[in-house]
>>> print(open('start.txt').read())   # compact mmCIF, C-alpha atoms
# COMPACT_ATOMS: atom_id res chain seq x y z
CA ASP A 1 16.68 -10.73 -24.98
CA GLY A 2 17.55 -9.72 -21.45
CA PHE A 3 17.50 -6.42 -19.68
CA ASP A 4 20.88 -5.59 -21.24
CA ALA A 5 19.24 -5.52 -24.69
CA ARG A 6 17.20 -2.42 -23.73
CA ASP A 7 18.41 1.09 -23.02
CA ASP A 8 15.04 2.69 -22.28
CA ILE A 9 13.76 0.87 -19.18
CA ALA A 10 14.14 1.63 -15.50
CA VAL A 11 12.96 -0.74 -12.78
CA LEU A 12 12.19 1.02 -9.49
CA ARG A 13 11.67 -0.72 -6.17
CA THR A 14 11.06 0.38 -2.61
CA PHE A 15 11.87 -1.24 0.70
CA SER A 16 8.68 0.23 2.18
CA LYS A 17 6.25 -2.63 1.77
CA ALA A 18 7.45 -6.24 1.71
CA TYR A 19 10.71 -5.38 3.41
CA GLY A 20 8.90 -3.44 6.13
CA LEU A 21 11.21 -0.41 6.00
CA ALA A 22 8.74 2.38 5.16
CA GLY A 23 10.11 4.72 7.83
CA ILE A 24 13.56 4.94 6.29
CA ARG A 25 12.38 5.91 2.79
CA LEU A 26 14.79 3.69 0.89
CA GLY A 27 14.50 2.38 -2.62
CA TYR A 28 16.62 1.48 -5.59
CA ALA A 29 16.61 1.60 -9.36
CA VAL A 30 18.00 -0.76 -11.98
CA VAL A 31 18.78 1.41 -14.99
CA PRO A 32 20.97 1.42 -18.10
CA GLY A 33 24.58 2.36 -17.30
CA GLU A 34 24.46 5.85 -18.78
CA TRP A 35 21.38 6.70 -16.69
CA GLY A 36 23.25 5.62 -13.57
CA ASP A 37 26.15 7.88 -14.48
CA VAL A 38 23.80 10.87 -14.84
CA TYR A 39 22.11 10.09 -11.52
CA ALA A 40 25.46 9.81 -9.76
CA ARG A 41 26.31 13.35 -10.88
CA VAL A 42 23.13 14.88 -9.41
CA ASN A 43 22.82 12.67 -6.32
CA THR A 44 23.60 14.34 -3.01
CA PRO A 45 25.89 12.62 -0.52
CA PHE A 46 23.07 12.51 2.05
CA ALA A 47 20.27 11.09 -0.12
CA ALA A 48 20.18 7.88 1.93
CA SER A 49 21.76 7.54 5.34
CA GLU A 50 24.29 4.85 6.14
CA LEU A 51 21.76 3.33 8.55
CA ALA A 52 19.12 3.20 5.80
CA CYS A 53 21.57 1.56 3.40
CA ARG A 54 22.62 -1.02 6.00
CA ALA A 55 18.97 -1.80 6.75
CA GLY A 56 18.29 -2.24 3.03
CA LEU A 57 21.25 -4.58 2.60
CA ALA A 58 20.13 -6.66 5.61
CA ALA A 59 16.54 -6.75 4.29
CA VAL A 60 17.62 -8.08 0.90
CA ASP A 61 19.19 -11.07 2.64
CA ASP A 62 16.13 -11.83 4.81
CA GLU A 63 13.93 -13.82 2.41
CA GLU A 64 11.96 -15.39 5.27
CA HIS A 65 10.87 -11.94 6.51
CA VAL A 66 9.72 -10.92 3.02
CA GLU A 67 7.72 -14.13 2.59
CA ARG A 68 6.11 -13.62 6.01
CA THR A 69 5.28 -9.99 5.23
CA VAL A 70 3.70 -10.87 1.88
CA GLU A 71 1.64 -13.66 3.46
CA THR A 72 0.49 -11.35 6.28
CA ALA A 73 -0.64 -8.76 3.72
CA ARG A 74 -2.48 -11.42 1.70
CA GLU A 75 -4.31 -12.69 4.79
CA SER A 76 -5.14 -9.14 5.87
CA ARG A 77 -6.61 -8.27 2.44
CA VAL A 78 -8.78 -11.40 2.44
CA TYR A 79 -9.99 -10.70 5.98
CA MET A 80 -10.85 -7.08 5.14
CA ARG A 81 -12.65 -8.04 1.94
CA ASN A 82 -14.69 -10.71 3.75
CA THR A 83 -15.43 -8.81 6.96
CA ILE A 84 -15.81 -5.09 6.21
CA GLU A 85 -19.50 -4.28 5.94
CA THR A 86 -19.24 -2.26 2.74
CA HIS A 87 -17.57 -2.68 -0.62
CA VAL A 88 -13.84 -3.44 -0.61
CA TRP A 89 -12.04 -3.53 -3.95
CA GLU A 90 -9.79 -6.47 -4.74
CA SER A 91 -6.14 -5.63 -4.21
CA GLU A 92 -2.70 -7.10 -4.69
CA GLY A 93 -1.01 -4.36 -2.65
CA ASN A 94 -0.46 -3.87 1.05
CA PHE A 95 -3.76 -2.06 1.52
CA ALA A 96 -7.47 -2.28 0.81
CA LEU A 97 -9.53 0.45 -0.87
CA VAL A 98 -12.90 0.73 0.86
CA ASP A 99 -16.06 2.57 -0.19
CA VAL A 100 -17.29 4.40 2.91
CA GLY A 101 -19.44 7.15 1.39
CA ASP A 102 -17.66 10.06 3.10
CA ALA A 103 -13.93 9.48 3.43
CA SER A 104 -13.20 12.63 5.44
CA ALA A 105 -15.86 11.91 8.07
CA VAL A 106 -14.89 8.24 8.39
CA ALA A 107 -11.14 8.92 8.53
CA ALA A 108 -11.64 11.58 11.20
CA GLU A 109 -13.87 9.35 13.32
CA MET A 110 -11.52 6.38 12.90
CA GLN A 111 -8.63 8.55 14.11
CA GLU A 112 -10.70 9.67 17.11
CA ARG A 113 -11.05 5.97 17.94
CA GLY A 114 -7.32 5.33 17.58
CA VAL A 115 -7.15 3.84 14.08
CA ILE A 116 -5.51 5.84 11.31
CA VAL A 117 -6.66 5.26 7.72
CA ARG A 118 -5.97 7.21 4.53
CA ASP A 119 -8.68 9.56 3.28
CA CYS A 120 -8.52 9.11 -0.51
CA SER A 121 -10.21 12.42 -1.35
CA SER A 122 -6.91 13.81 -2.62
CA PHE A 123 -6.78 10.89 -5.08
CA GLY A 124 -10.16 11.91 -6.52
CA LEU A 125 -11.99 9.30 -4.41
CA PRO A 126 -13.87 11.32 -1.76
CA GLY A 127 -15.97 8.30 -0.82
CA CYS A 128 -13.05 5.96 -0.19
CA ILE A 129 -10.49 5.22 2.46
CA ARG A 130 -7.36 3.12 2.25
CA ILE A 131 -6.55 0.71 5.08
CA THR A 132 -3.01 -0.63 5.28
CA CYS A 133 -2.59 -4.35 5.86
CA GLY A 134 -1.30 -5.14 9.31
CA THR A 135 -0.89 -8.00 11.70
CA GLU A 136 -3.92 -10.15 12.44
CA GLU A 137 -4.63 -8.17 15.61
CA GLU A 138 -4.19 -4.78 13.88
CA THR A 139 -6.39 -5.79 10.97
CA GLU A 140 -9.15 -7.12 13.22
CA ARG A 141 -9.10 -3.88 15.24
CA ALA A 142 -9.22 -1.72 12.11
CA VAL A 143 -12.13 -3.70 10.64
CA ALA A 144 -14.13 -3.72 13.88
CA THR A 145 -13.58 0.01 14.31
CA LEU A 146 -14.56 0.74 10.70
CA ASN A 147 -17.71 -1.36 10.92
CA ASP A 148 -18.67 0.46 14.15
CA VAL A 149 -17.97 3.87 12.57
CA LEU A 150 -20.03 3.03 9.48
CA ALA A 151 -22.94 1.93 11.68
CA ASP A 152 -22.64 4.95 13.99
CA LEU A 153 -22.44 7.47 11.13
CA GLY A 154 -25.15 5.73 9.07
CA LEU A 155 -23.30 6.38 5.82
CA GLU A 156 -24.58 5.08 2.51
CA THR A 157 -22.17 3.72 -0.07
CA ASP A 158 -22.68 3.39 -3.81
CA ALA A 159 -20.24 0.64 -4.72
CA THR A 160 -21.34 -2.84 -5.63
CA ASP A 161 -19.40 -5.82 -6.90
CA GLU A 162 -19.74 -4.32 -10.38
CA ALA A 163 -17.10 -1.83 -9.24
CA ASP A 164 -14.59 -4.67 -9.62
CA ASP A 165 -15.34 -4.75 -13.36
CA PRO A 166 -12.03 -3.76 -15.01
CA ASP A 167 -14.00 -2.17 -17.86
CA ALA A 168 -15.90 0.11 -15.50
CA GLU A 169 -14.94 3.77 -15.50
CA VAL A 170 -12.77 4.71 -12.53
CA ALA A 171 -12.69 8.18 -10.98
CA GLY A 172 -9.67 10.18 -12.04
CA GLN A 173 -8.97 8.23 -15.22
>>> encode(input="start.txt", output="structure tokens")
Amino acid sequence: DGFDARDDIAVLRTFSKAYGLAGIRLGYAVVPGEWGDVYARVNTPFAASELACRAGLAAVDDEEHVERTVETARESRVYMRNTIETHVWESEGNFALVDVGDASAVAAEMQERGVIVRDCSSFGLPGCIRITCGTEEETERAVATLNDVLADLGLETDATDEADDPDAEVAGQ
């Protein structure tokens, strides 16, 4: 039974992460034919620019770039998990979720020092920040800055390795 055997599944993908095209906001969907027909009727002619579409088509053909991007993210996650001086949750994405105690204070201080991280308070995680995986140099700078900020602010964190327990209750669920 292949995808054609189902009429109730949509597969959505973005070019933001592995393809490195976050700034153009391009994605695609693989859907049953009748869903595509409905979408085509409501789609605006300017939903994705020609430049964005050309970039997406070029990205699909650049397997080497995707492999390099995925490997860079993997190395960045491992480095963050091993080097950040507080709890970092395991991840398979292009970011690490880090327990910092006070996300707003840490994010603001990180930005003051030239490193932008995501305050996860709006996700129901006021003690966590999200750090996007970057190049080796970017990741090392982000980690060093975070460790300095944590030391300077003297924040306490609650997370332990038990937080990786998949049966543990997670905020917002």
>>> atom_distance(input="start.txt", atom1="CA of Thr86 (chain A)", atom2="CA of Val98 (chain A)")
7.3 Å
>>> closest_residue(input="start.txt", among="A:Leu155, A:Ile116, A:Met80, A:Ala73", to="Asn94 (chain A)", atoms="all atoms listed in the file")
A:Ala73
>>> residues_around(input="start.txt", residues="Val149 (chain A)", least_positions_apart="6", cutoff="10 Å", atoms="all atoms listed in the file", output="list in words")
Val100, Ala105, Val106, Ala107, Glu109, Met110, Arg113, Val143 and Leu155 of chain A
>>> residues_around(input="start.txt", residues="Asn147 (chain A)", least_positions_apart="4", cutoff="7 Å", atoms="all atoms listed in the file", output="NGL selection string")
:A and (84-85 or 143 or 151)
>>> axis_aligned_box(input="start.txt", around="region 106-121 of chain A", padding_each_side="8 Å", output="lines of an AutoDock Vina configuration file")
center_x = -10.2
center_y = 8.1
center_z = 8.3
size_x = 25.4
size_y = 24.6
size_z = 35.3
>>> atom_distance(input="start.txt", atom1="CA of Leu97 (chain A)", atom2="CA of Ser121 (chain A)")
12.0 Å
>>> closest_residue(input="start.txt", among="A:Ser76, A:Ser49, A:Ser16, A:Thr44", to="Glu138 (chain A)", atoms="all atoms listed in the file")
A:Ser76
>>> closest_residue(input="start.txt", among="A:Leu12, A:Ile24, A:Val30, A:Ala96", to="Ala55 (chain A)", atoms="all atoms listed in the file")
A:Ile24
>>> closest_residue(input="start.txt", among="A:Tyr79, A:Phe123, A:Tyr28, A:Phe15", to="Ala103 (chain A)", atoms="only C-alpha atoms")
A:Phe123
>>> atom_distance(input="start.txt", atom1="CA of Gly27 (chain A)", atom2="CA of Glu64 (chain A)")
19.6 Å
>>> closest_residue(input="start.txt", among="A:Ala29, A:Val78, A:Ile131, A:Leu21", to="Phe95 (chain A)", atoms="all atoms listed in the file")
A:Ile131
>>> closest_residue(input="start.txt", among="A:Arg6, A:Asp152, A:Asp37, A:Ala52", to="Gly23 (chain A)", atoms="all atoms listed in the file")
A:Ala52
